[in-house]
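Asker: Take this structure first; my questions come after.
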Amino acid sequence: MTILHVDSSINGANSVSRSLSAEVVAHLKAANPSETVVFRDLASQPLPHLMQIGGGDPVVLEEFLSATTVVIGAPMYNFGIPSQLKIWLDHIAVPGKTFRYGASGPEGLCGNQKVIVVSSRGGIFTSGSPYAAFDHQEGHLTAFFTLLGVTDLSFVRAEGLALGEEMQKRALEAAQAQIQALAA
Ligand SMILES: Cc1cc2nc3c(=O)[nH]c(=O)nc-3n(C[C@H](O)[C@H](O)[C@H](O)COP(=O)(O)O)c2cc1C
């Protein structure tokens with residue numbers, strides 16, 4: 001059983017998504033100490049853009065396929081995900097490996113994998129809020145992992161992080177409560 005821990009924030013030790021994704025991994029490890037953790041840092045070791053069809057790194061794909069649980073630190077950058085994380089998605093979306101084209105459209109091949117996304121953002125974009133339609137971060141990741149057939153997809157969300165100390169404190173407490181509620 002392997003946990004793949006992926007981070008993409010460029011904010012190093014000050015990153016909220018990095019500290020929360022580490023807490024998620026610690027929570028999972030506490031429940032299942034025998035799980036192996038593989039860590040991939042997309043900010044300090046960025047992957048190359050795909051330069052041709054099928055040009056993804058087979059090691060990166062294998063690392064994803066070998067994981068039973070994938071924990072992803074995913075900040076919102078300019079309403080979407082960091083470009084470093086987008087490149088990782090390009091490497092793991094491989095026809096015949098993670099999804100295939102069937103008679104009725106694409107079929108995901110990753111139905112046994114569990115994905116937990118830590119979403120951090122400066123503003124508030126939760127469904128029902130005035131800027132919900134500007135969220136191309138969580139929606140993108142939901143569409144992507146749905147394509148891959150992942151049904152066990154959950155989000156730990158810390159938002160409103162740029163809206164003052166009190167909002168930030170509340171956001172972190174809410175995210176920590178979501179982590180404790182995650183099924184291990
Ligand atoms: C390049 C960049 C772009 C950002 N764009 C947005 C944005 O579009 N909307 C938003 O609410 N916050 C935005 N932010 C704020 C981050 O989402 C917020 O600081 C979050 O905590 C980043 O996650 P991190 O702490 O893990 O680095 C941006 C931050 C950076 C560095």
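Quick note on naming: the chains in the structure tokens go A, B, ... in the order shown, residues restart at 1 in each chain, and ligands are numbered from 1 in order of appearance.
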Could you list, as a list in words, every residue within 10 Å of Val6 (chain A), counting only C-alpha atoms and ignoring same-chain residues fewer than 5 positions away?

Answerer: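 That gives Arg18, Ser21, Ala22, Val38, Phe39, Arg40, Asp41, Leu42, Ala43, Phe64, Val70, Val71, Ile72, Gly73, Ala74, Leu85, Trp88 and Val117 of chain A.
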
Asker: Store the residues of this selection in a file with N, CA, C and O atoms, as a PDB file, in the first residue's frame.

Answerer:
ATOM      1  N   ARG A  18       1.133  22.860   1.536  1.00  0.00           N
ATOM      2  CA  ARG A  18       2.188  21.900   1.908  1.00  0.00           C
ATOM      3  C   ARG A  18       2.009  21.434   3.351  1.00  0.00           C
ATOM      4  O   ARG A  18       2.139  20.246   3.645  1.00  0.00           O
ATOM      5  N   SER A  21      -1.153  19.214   3.423  1.00  0.00           N
ATOM      6  CA  SER A  21      -1.013  17.901   2.751  1.00  0.00           C
ATOM      7  C   SER A  21      -0.139  16.977   3.609  1.00  0.00           C
ATOM      8  O   SER A  21      -0.387  15.773   3.694  1.00  0.00           O
ATOM      9  N   ALA A  22       0.860  17.569   4.299  1.00  0.00           N
ATOM     10  CA  ALA A  22       1.688  16.757   5.211  1.00  0.00           C
ATOM     11  C   ALA A  22       0.837  16.239   6.372  1.00  0.00           C
ATOM     12  O   ALA A  22       1.003  15.102   6.824  1.00  0.00           O
ATOM     13  N   VAL A  38       5.606   7.971  -0.885  1.00  0.00           N
ATOM     14  CA  VAL A  38       6.501   8.479  -1.934  1.00  0.00           C
ATOM     15  C   VAL A  38       6.156   9.958  -2.110  1.00  0.00           C
ATOM     16  O   VAL A  38       4.986  10.298  -2.260  1.00  0.00           O
ATOM     17  N   PHE A  39       7.171  10.812  -2.057  1.00  0.00           N
ATOM     18  CA  PHE A  39       6.919  12.256  -2.140  1.00  0.00           C
ATOM     19  C   PHE A  39       7.441  12.814  -3.458  1.00  0.00           C
ATOM     20  O   PHE A  39       8.567  12.518  -3.853  1.00  0.00           O
ATOM     21  N   ARG A  40       6.605  13.587  -4.130  1.00  0.00           N
ATOM     22  CA  ARG A  40       7.041  14.260  -5.366  1.00  0.00           C
ATOM     23  C   ARG A  40       6.793  15.759  -5.218  1.00  0.00           C
ATOM     24  O   ARG A  40       5.662  16.193  -4.993  1.00  0.00           O
ATOM     25  N   ASP A  41       7.875  16.530  -5.360  1.00  0.00           N
ATOM     26  CA  ASP A  41       7.779  17.985  -5.229  1.00  0.00           C
ATOM     27  C   ASP A  41       7.858  18.620  -6.623  1.00  0.00           C
ATOM     28  O   ASP A  41       8.930  18.709  -7.219  1.00  0.00           O
ATOM     29  N   LEU A  42       6.710  19.051  -7.110  1.00  0.00           N
ATOM     30  CA  LEU A  42       6.642  19.566  -8.479  1.00  0.00           C
ATOM     31  C   LEU A  42       7.192  20.984  -8.603  1.00  0.00           C
ATOM     32  O   LEU A  42       7.434  21.459  -9.710  1.00  0.00           O
ATOM     33  N   ALA A  43       7.373  21.660  -7.452  1.00  0.00           N
ATOM     34  CA  ALA A  43       7.922  23.015  -7.514  1.00  0.00           C
ATOM     35  C   ALA A  43       9.447  22.991  -7.510  1.00  0.00           C
ATOM     36  O   ALA A  43      10.086  23.694  -8.298  1.00  0.00           O
ATOM     37  N   PHE A  64       2.365   7.050 -10.138  1.00  0.00           N
ATOM     38  CA  PHE A  64       0.946   7.310  -9.901  1.00  0.00           C
ATOM     39  C   PHE A  64       0.153   6.005  -9.861  1.00  0.00           C
ATOM     40  O   PHE A  64      -0.647   5.776  -8.954  1.00  0.00           O
ATOM     41  N   VAL A  70      -3.531   8.948  -3.259  1.00  0.00           N
ATOM     42  CA  VAL A  70      -2.746  10.076  -3.771  1.00  0.00           C
ATOM     43  C   VAL A  70      -3.207  11.345  -3.032  1.00  0.00           C
ATOM     44  O   VAL A  70      -4.400  11.648  -3.003  1.00  0.00           O
ATOM     45  N   VAL A  71      -2.258  12.022  -2.407  1.00  0.00           N
ATOM     46  CA  VAL A  71      -2.550  13.264  -1.665  1.00  0.00           C
ATOM     47  C   VAL A  71      -1.883  14.405  -2.421  1.00  0.00           C
ATOM     48  O   VAL A  71      -0.665  14.371  -2.652  1.00  0.00           O
ATOM     49  N   ILE A  72      -2.674  15.391  -2.820  1.00  0.00           N
ATOM     50  CA  ILE A  72      -2.142  16.454  -3.683  1.00  0.00           C
ATOM     51  C   ILE A  72      -2.325  17.828  -3.031  1.00  0.00           C
ATOM     52  O   ILE A  72      -3.455  18.233  -2.731  1.00  0.00           O
ATOM     53  N   GLY A  73      -1.244  18.539  -2.825  1.00  0.00           N
ATOM     54  CA  GLY A  73      -1.310  19.926  -2.381  1.00  0.00           C
ATOM     55  C   GLY A  73      -1.496  20.801  -3.605  1.00  0.00           C
ATOM     56  O   GLY A  73      -0.626  20.853  -4.475  1.00  0.00           O
ATOM     57  N   ALA A  74      -2.660  21.481  -3.674  1.00  0.00           N
ATOM     58  CA  ALA A  74      -3.020  22.200  -4.900  1.00  0.00           C
ATOM     59  C   ALA A  74      -3.515  23.610  -4.575  1.00  0.00           C
ATOM     60  O   ALA A  74      -4.705  23.821  -4.348  1.00  0.00           O
ATOM     61  N   LEU A  85       1.640  21.696 -11.560  1.00  0.00           N
ATOM     62  CA  LEU A  85       0.706  20.588 -11.306  1.00  0.00           C
ATOM     63  C   LEU A  85       0.002  20.177 -12.597  1.00  0.00           C
ATOM     64  O   LEU A  85      -0.248  18.993 -12.844  1.00  0.00           O
ATOM     65  N   TRP A  88       2.055  17.750 -14.453  1.00  0.00           N
ATOM     66  CA  TRP A  88       1.973  16.391 -13.866  1.00  0.00           C
ATOM     67  C   TRP A  88       0.709  15.694 -14.371  1.00  0.00           C
ATOM     68  O   TRP A  88       0.746  14.516 -14.720  1.00  0.00           O
ATOM     69  N   VAL A 117      -7.361  15.910  -2.328  1.00  0.00           N
ATOM     70  CA  VAL A 117      -6.763  17.173  -2.780  1.00  0.00           C
ATOM     71  C   VAL A 117      -6.837  18.193  -1.647  1.00  0.00           C
ATOM     72  O   VAL A 117      -7.910  18.409  -1.078  1.00  0.00           O
TER      73      VAL A 117
END

Asker: Identify, counting only C-alpha atoms and all ligand atoms, the protein, DNA and RNA residues located within 8 Å of ligand 1, and give them as a ChimeraX atom specification.

Answerer: /A:8-12,14-19,73-80,82,119-125,158-162

Asker: Next, the residues of the selection above should be written as an mmCIF file, in the first residue's frame with N, CA and C atoms.

Answerer:
data_model
loop_
_atom_site.group_PDB
_atom_site.id
_atom_site.type_symbol
_atom_site.label_atom_id
_atom_site.label_comp_id
_atom_site.auth_asym_id
_atom_site.auth_seq_id
_atom_site.Cartn_x
_atom_site.Cartn_y
_atom_site.Cartn_z
ATOM 1 N N SER A 8 2.764 21.179 -4.904
ATOM 2 C CA SER A 8 3.017 22.043 -6.056
ATOM 3 C C SER A 8 3.150 23.519 -5.701
ATOM 4 N N SER A 9 3.009 23.867 -4.432
ATOM 5 C CA SER A 9 3.140 25.283 -4.063
ATOM 6 C C SER A 9 4.581 25.755 -4.223
ATOM 7 N N ILE A 10 4.727 27.012 -4.678
ATOM 8 C CA ILE A 10 6.062 27.602 -4.805
ATOM 9 C C ILE A 10 6.467 28.310 -3.513
ATOM 10 N N ASN A 11 5.630 28.178 -2.473
ATOM 11 C CA ASN A 11 5.857 28.980 -1.269
ATOM 12 C C ASN A 11 6.591 28.240 -0.147
ATOM 13 N N GLY A 12 7.259 27.167 -0.475
ATOM 14 C CA GLY A 12 8.145 26.481 0.474
ATOM 15 C C GLY A 12 7.552 26.270 1.853
ATOM 16 N N ASN A 14 6.433 28.248 3.947
ATOM 17 C CA ASN A 14 5.279 29.075 4.326
ATOM 18 C C ASN A 14 3.983 28.626 3.659
ATOM 19 N N SER A 15 4.053 27.561 2.902
ATOM 20 C CA SER A 15 2.888 27.128 2.137
ATOM 21 C C SER A 15 1.834 26.452 3.002
ATOM 22 N N VAL A 16 0.615 26.906 2.849
ATOM 23 C CA VAL A 16 -0.515 26.301 3.574
ATOM 24 C C VAL A 16 -0.822 24.914 3.012
ATOM 25 N N SER A 17 -0.838 24.793 1.677
ATOM 26 C CA SER A 17 -1.187 23.481 1.102
ATOM 27 C C SER A 17 -0.131 22.436 1.446
ATOM 28 N N ARG A 18 1.133 22.860 1.536
ATOM 29 C CA ARG A 18 2.188 21.900 1.908
ATOM 30 C C ARG A 18 2.009 21.434 3.351
ATOM 31 N N SER A 19 1.731 22.375 4.250
ATOM 32 C CA SER A 19 1.620 21.929 5.649
ATOM 33 C C SER A 19 0.369 21.069 5.825
ATOM 34 N N GLY A 73 -1.244 18.539 -2.825
ATOM 35 C CA GLY A 73 -1.310 19.926 -2.381
ATOM 36 C C GLY A 73 -1.496 20.801 -3.605
ATOM 37 N N ALA A 74 -2.660 21.481 -3.674
ATOM 38 C CA ALA A 74 -3.020 22.200 -4.900
ATOM 39 C C ALA A 74 -3.515 23.610 -4.575
ATOM 40 N N PRO A 75 -2.602 24.592 -4.550
ATOM 41 C CA PRO A 75 -3.057 25.977 -4.352
ATOM 42 C C PRO A 75 -3.804 26.499 -5.579
ATOM 43 N N MET A 76 -4.602 27.534 -5.369
ATOM 44 C CA MET A 76 -5.196 28.228 -6.522
ATOM 45 C C MET A 76 -4.216 29.284 -6.997
ATOM 46 N N TYR A 77 -3.827 29.218 -8.250
ATOM 47 C CA TYR A 77 -3.027 30.256 -8.881
ATOM 48 C C TYR A 77 -3.825 30.786 -10.064
ATOM 49 N N ASN A 78 -4.131 32.052 -10.025
ATOM 50 C CA ASN A 78 -4.856 32.696 -11.125
ATOM 51 C C ASN A 78 -6.085 31.887 -11.541
ATOM 52 N N PHE A 79 -6.845 31.543 -10.520
ATOM 53 C CA PHE A 79 -8.139 30.845 -10.634
ATOM 54 C C PHE A 79 -8.012 29.373 -11.034
ATOM 55 N N GLY A 80 -6.820 28.925 -11.327
ATOM 56 C CA GLY A 80 -6.634 27.521 -11.695
ATOM 57 C C GLY A 80 -5.614 26.856 -10.785
ATOM 58 N N PRO A 82 -1.533 25.431 -10.156
ATOM 59 C CA PRO A 82 -0.186 25.826 -10.600
ATOM 60 C C PRO A 82 0.180 25.092 -11.888
ATOM 61 N N SER A 119 -6.835 21.918 -1.105
ATOM 62 C CA SER A 119 -7.056 23.131 -1.896
ATOM 63 C C SER A 119 -6.852 24.353 -1.009
ATOM 64 N N SER A 120 -5.899 25.215 -1.385
ATOM 65 C CA SER A 120 -5.683 26.448 -0.618
ATOM 66 C C SER A 120 -5.905 27.624 -1.557
ATOM 67 N N ARG A 121 -6.511 28.674 -1.033
ATOM 68 C CA ARG A 121 -6.740 29.839 -1.899
ATOM 69 C C ARG A 121 -6.945 31.106 -1.081
ATOM 70 N N GLY A 122 -6.570 32.215 -1.706
ATOM 71 C CA GLY A 122 -6.631 33.488 -1.017
ATOM 72 C C GLY A 122 -8.047 33.975 -0.800
ATOM 73 N N GLY A 123 -8.902 33.792 -1.800
ATOM 74 C CA GLY A 123 -10.287 34.245 -1.717
ATOM 75 C C GLY A 123 -11.231 33.111 -1.361
ATOM 76 N N ILE A 124 -12.529 33.380 -1.557
ATOM 77 C CA ILE A 124 -13.552 32.374 -1.239
ATOM 78 C C ILE A 124 -14.311 32.035 -2.518
ATOM 79 N N PHE A 125 -14.379 30.771 -2.808
ATOM 80 C CA PHE A 125 -14.964 30.312 -4.072
ATOM 81 C C PHE A 125 -15.932 29.146 -3.869
ATOM 82 N N ALA A 158 -8.813 25.044 2.429
ATOM 83 C CA ALA A 158 -8.502 26.209 3.267
ATOM 84 C C ALA A 158 -8.638 27.417 2.356
ATOM 85 N N GLU A 159 -9.678 28.188 2.529
ATOM 86 C CA GLU A 159 -9.875 29.342 1.638
ATOM 87 C C GLU A 159 -10.098 30.616 2.441
ATOM 88 N N GLY A 160 -9.974 31.748 1.746
ATOM 89 C CA GLY A 160 -10.059 33.042 2.423
ATOM 90 C C GLY A 160 -8.746 33.355 3.136
ATOM 91 N N LEU A 161 -7.660 32.746 2.665
ATOM 92 C CA LEU A 161 -6.375 32.881 3.363
ATOM 93 C C LEU A 161 -5.784 34.289 3.232
ATOM 94 N N ALA A 162 -6.268 35.059 2.247
ATOM 95 C CA ALA A 162 -5.751 36.421 2.060
ATOM 96 C C ALA A 162 -6.681 37.461 2.688
#

Asker: Give me every strand (DSSP E or B) residue in region 6-146 of chain A, going by DSSP on the backbone, as a count of residues only.

Answerer: 34

Asker: Tell me, as a list in words, which residues lie within 9 Å of region 167-184 of chain A, counting only C-alpha atoms; anything in the same chain fewer than 5 positions away does not count.

Answerer: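 Listing them by chain and then by number gives Val16, Leu20, Glu23, Val24, His27, Leu28, Lys29, Ala30, Ala31, Asn32, Val118, Ser154, Phe155, Val156, Arg157, Ala158, Glu159, Gly160, Leu161 and Ala162 of chain A.
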
Asker: Determine which residues of region 22-180 of chain A DSSP labels as helix (DSSP H, G or I) from the backbone of this structure, then write them out as a PyMOL selection string.

Answerer: chain A and resi 22-31+58-65+83-92+132-134+138-147+165-180

Asker: Please identify all polymer residues within 7 Å of region 138-147 of chain A, counting only C-alpha atoms, omitting same-chain residues fewer than 3 positions from it, and present them as an NGL selection string.

Answerer: :A and (99 or 106-108 or 135 or 150-151)

Asker: Using only C-alpha atoms, find the one residue out of A:Val25, A:His91, A:Asp152, A:Leu65 that sits nearest to Gln52 (chain A).

Answerer: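 With only C-alpha atoms as the atom set, the closest residue is A:His91.
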
Asker: Which is closer to Thr98 (chain A) than all the others in A:Gly55, A:Ser83, A:Leu148, A:Leu61, using only C-alpha atoms?

Answerer: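 Among the listed residues, the smallest separation from Thr98 (chain A) belongs to A:Leu148.
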
Asker: So, with only C-alpha atoms as the atoms that count, which of A:Leu89, A:Leu163, A:Leu4, A:Cys110 lies closest to Gly56 (chain A)?

Answerer: A:Leu89
